[in-house]
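What follows is a single structure, written as structure tokens, with notes after it.
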Amino acid sequence: MEFLVASAVGVLTATGLYLVLRLRTFPVIMGMSLLTYAVNVFLFASGRLTIGAPPILQNGVETYTDPLPQALVLTAIVISFGMTAVIVMIALGAYLGSDDDHVDDPAEDDTPQAQPQEDQA
Amino acid sequence: MSHWIILPIVLPAFLAPFIVLAARYHIGIQRAVSVAGGLALVAIAAGLAWQASDGTITLYQLSDWAAPFGIVLVGDRLSTLMVLLTAVLSLFVLLYAIGSGWDERGRHFHALYQFQLMGIMGAFLTGDLFNLFVFFEVLLIASYGLMIHAGGNVRLRAGVQYVLFNLLGSTLFLFALGSIYAETGTLNMADLAGRAQMIGADATAGIRIAAVLLLLVFAIKAAVVPLHFWLPSSYAEAPGPVAALFAIMTKVGAYAIIRVFTIVFPPDLSVTADLHGALLLPAALVSLTIGMVGVLAARKLDRLVAFSVIGSMGMVMVAISLFTQVAIAAALYYIVHSTLAAGALFLIADLVRAGRADLELRAQPPVAGAALTAAAFFVAAIAMVGLPPLSGFVGKLLILDAAYGTEHVIWIWAVVLSVSLVSLVGFSRAGSVIFWKAEGIERPEEAEVTPRPAGLSYVAVGGLLGLLALHTVFAGKIYDYMDRTSAQLFAPAPYIAKVIGTPGKMTRPKPEKVEGTDKALTGDGETDAQPTEEH
């Protein structure tokens, strides 16, 4: 159990980090999602791994699972889900607007007649 | 229990949906509500700061749940000071946004602005690390919307970088929180303080990793080199008033470092004692250098201001990394100064942008209202560079003085003094190219004459500069207050006692009061759980 959870966190994090370091938005967003999955599992494990134990106090029960990390994970899932939606929308807007889905800054134009960066509503 | 302390969070949280739902198509009503909210926020924040000024620590238990279980808001000198600073800055920036018409160039500016304020206020007031994460997210989510306000391809691209970098930061924050919870079993700052001390010298690996992770997260927020890459593009491309409001966001990171590393991992805690000196000081000196060299190297005015923000955060971090009472007091003085100066500079850059084709640092026909804008730029640049007579000089002097006598004094003095010269050259070059050389350039016949910026814009910029002047004139009194604030931070016992000791629901009842239904819950010994508890 411990090995399974630990290796899941490790593999998800490693894959996520690799993808985040790519240059185009789609792999980067995929990597972000994997990283958030990794952190969710990690948070879940931070309350120790217990199987089949109740989270709420009952009479005659000795072992409990920690309910707090579950609440934390729930918050984290909601936030990361919403954030993924936001980044997809912004990235889509940037891609459709400039026909380029690179994440890094475009190469600087050194000529004095550089594109005026006028932003109209 | 007074409810005033939650108002800085609740008021914007109510105003924002009201603006979206009730005043969606009426920019006039939105502006009126927003400004009224801003004024009320300043009044509330001033009241809270006055209440905390004699050293009182105000505790607010949400739903009356006692500290380690419920969420608490804590108002001490530091948090109320930051709340007041945010309220004042946001009011002037709001006036500028209205005066310059930025709020009309896209949708929902005022609603997002209020949500942003809610997040910042919450981050300053909360006494719980996970709650801090949630408020970070609130302020970030609002800032994503504000950052790409009014759209445009360049801004959207910068927005993608900004959001991605901050999502990574949030993930890292969650990893840090998970490690802390796994090590100590609590996330309340006051409770953590006690538990961190109980960790034995033989089991420090986990808590040290957690502390470093937290430091990294806050350093991302504070844009400390090498974690600053999100800042230049996003601040430069964000709308002017939004960038000016963002001047407080880097300070949220600085605040979090000060808070966590005075209460939870204080400098005398042996487990994490050598962290700040070993990690923070070199990074701070490098950010100071890179920021100010960036000022010299920037080819556009907005990037120049963005790099000066990095440099001034480096200066703040130099002071923080010393972690003495004097140094933290100097850092607090400089935080106030640098927030106001950076806010004013972003607004001035926007004033310049209004009259020019772009912000490239080359001679172009004079901007409308050039004399007044140039004067404002001159004053703000003097403040930012740290020349006498303005508060930047006083702040820098305080930091140099705090560094005097420490073992790193040579490094700190050498870097601070030499980069001051570099930034002075950078700002002088920018100012002379934009404002003086412009006089020699003829305006092309076909170019349309841009109108002068509205008077309200100048009121906002002038207000921030006036505050800078006040910050200088009353430097003695303000520094005394910062010193008392710092003293309170370095004596965290009353804070911890207040948070942990105040009764509420779920407190372990006193023996004579053991009765009723919650006996089974409270008697279970959660309150005296050991730090190494295994679940």
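Identifiers in the structure tokens: chain A, B, ... in order shown; residue index from 1 per chain; ligand index from 1 in order shown.
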
Inset, instruction - Would you give me, as a ChimeraX atom specification, the residues of chain B that come within 8 Å of chain A, using only C-alpha atoms? - result: /B:105-106,130,137,141,150-161,163-164,167-168,171,174-175,177-179,181-182,185,357-358,521,534-535

Could you save those same residues with C-alpha atoms as a CSV table (one decimal), in the first residue's frame?
chain,number,residue,atom,x,y,z
B,105,ARG,CA,-12.0,48.6,-21.5
B,106,GLY,CA,-13.1,45.2,-20.5
B,130,PHE,CA,-4.2,26.1,4.8
B,137,GLU,CA,-5.8,31.2,-4.5
B,141,ILE,CA,-7.8,33.8,-9.4
B,150,ALA,CA,-9.0,44.4,-21.8
B,151,GLY,CA,-7.4,41.5,-23.7
B,152,GLY,CA,-4.9,41.7,-26.5
B,153,ASN,CA,-2.6,39.0,-27.8
B,154,VAL,CA,0.5,40.1,-26.0
B,155,ARG,CA,-1.3,40.3,-22.8
B,156,LEU,CA,-2.9,36.9,-23.2
B,157,ARG,CA,0.4,35.3,-23.8
B,158,ALA,CA,1.9,37.0,-20.8
B,159,GLY,CA,-1.2,35.9,-18.9
B,160,VAL,CA,-0.6,32.2,-19.8
B,161,GLN,CA,2.9,32.4,-18.4
B,163,VAL,CA,-1.1,31.6,-14.6
B,164,LEU,CA,1.1,28.6,-15.3
B,167,LEU,CA,-0.3,27.2,-10.7
B,168,LEU,CA,3.1,25.5,-10.2
B,171,THR,CA,1.1,22.9,-6.3
B,174,LEU,CA,0.2,22.1,-1.3
B,175,PHE,CA,3.2,19.8,-1.2
B,177,LEU,CA,1.3,21.9,3.5
B,178,GLY,CA,1.1,18.1,3.1
B,179,SER,CA,4.6,17.6,4.5
B,181,TYR,CA,0.7,18.2,8.2
B,182,ALA,CA,2.4,14.8,8.0
B,185,GLY,CA,-0.5,17.0,12.5
B,357,ALA,CA,2.7,54.8,-29.5
B,358,ASP,CA,4.5,52.5,-27.2
B,521,LEU,CA,-16.2,14.6,21.4
B,534,GLU,CA,0.2,8.3,14.1
B,535,HIS,CA,-3.3,8.0,12.8

Inset, instruction - Give me every helix (DSSP H, G or I) residue in segment 247-468 of chain B, going by DSSP on the backbone, as a PyMOL selection string. - result: chain B and resi 249-263+270-272+275-297+301-322+325-355+370-385+391-403+409-440+455-468

Inset, instruction - Check the smallest atom-to-atom distance from each of B:Leu424, B:Leu351, B:Met249, B:Ile382 to Gly369 of chain B using only C-alpha atoms, then report the winner. - result: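 Nearest to Gly369 of chain B: B:Leu351.
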
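Going from atom CA of Val224 of chain B over to atom CA of Phe265 of chain B, you cover 19.8 Å.
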
Inset, instruction - Check the smallest atom-to-atom distance from each of B:Ala223, B:Val473, B:Val367, B:Val252 to Leu288 of chain B using only C-alpha atoms, then report the winner. - result: B:Ala223

Legend entry - Residue among B:Gln116, B:Thr406, B:Ser308, B:Thr56 lying closest to Tyr495 of chain B, counting only C-alpha atoms: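 Nearest candidate to Tyr495 of chain B out of B:Gln116, B:Thr406, B:Ser308, B:Thr56: B:Thr56.
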
Inset, instruction - Kindly indicate which residue among B:Thr502, B:Pro453, B:Tyr60, B:Ala111 lies nearest to Ile19 of chain B, using only C-alpha atoms for the distances. - result: B:Ala111

Inset, instruction - Excluding segment 344-349 of chain B and residues on its chain fewer than 2 positions from it, collect all residues at most 9 Å away from it, counting only C-alpha atoms, and give them as a count of residues only. - result: 38

Inset, instruction - Just give me the gap between atom CA of Lys251 of chain B and atom CA of Gln488 of chain B in Å, one decimal is fine. - result: 19.3 Å

Inset, instruction - Fewer than 3 positions away in the same chain doesn't count, so skip those; otherwise give me all residues within 7 Å of segment 204-213 of chain B, counting only C-alpha atoms, as a ChimeraX atom specification. - result: /B:176,179-180,183,200-201,216-217,271-272

Inset, instruction - Identify which of the residues A:Ile51, A:Val61, A:Leu34, A:Leu19 lies closest to Ile77 of chain A, counting only C-alpha atoms when measuring atom-to-atom distances. - result: A:Leu34

Inset, instruction - Work out how far apart atom CA of Tyr25 of chain B and atom CA of His149 of chain B are and give it in Å to one decimal. - result: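 The value is 16.7 Å.
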
Legend entry - For segment 82-85 of chain B: contacts at 8 Å, only C-alpha atoms, fewer than 4 positions along chain excluded, given as number ranges by chain: B: 42, 45-46, 49, 78, 89, 121, 124-125, 336

Inset, instruction - May I ask which of the residues B:Pro8, B:Gly37, B:Gly504, B:Pro365 is the closest one to Ile71 of chain B, counting only C-alpha atoms? - result: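 Between B:Pro8, B:Gly37, B:Gly504, B:Pro365, the residue approaching Ile71 of chain B most closely is B:Gly504.
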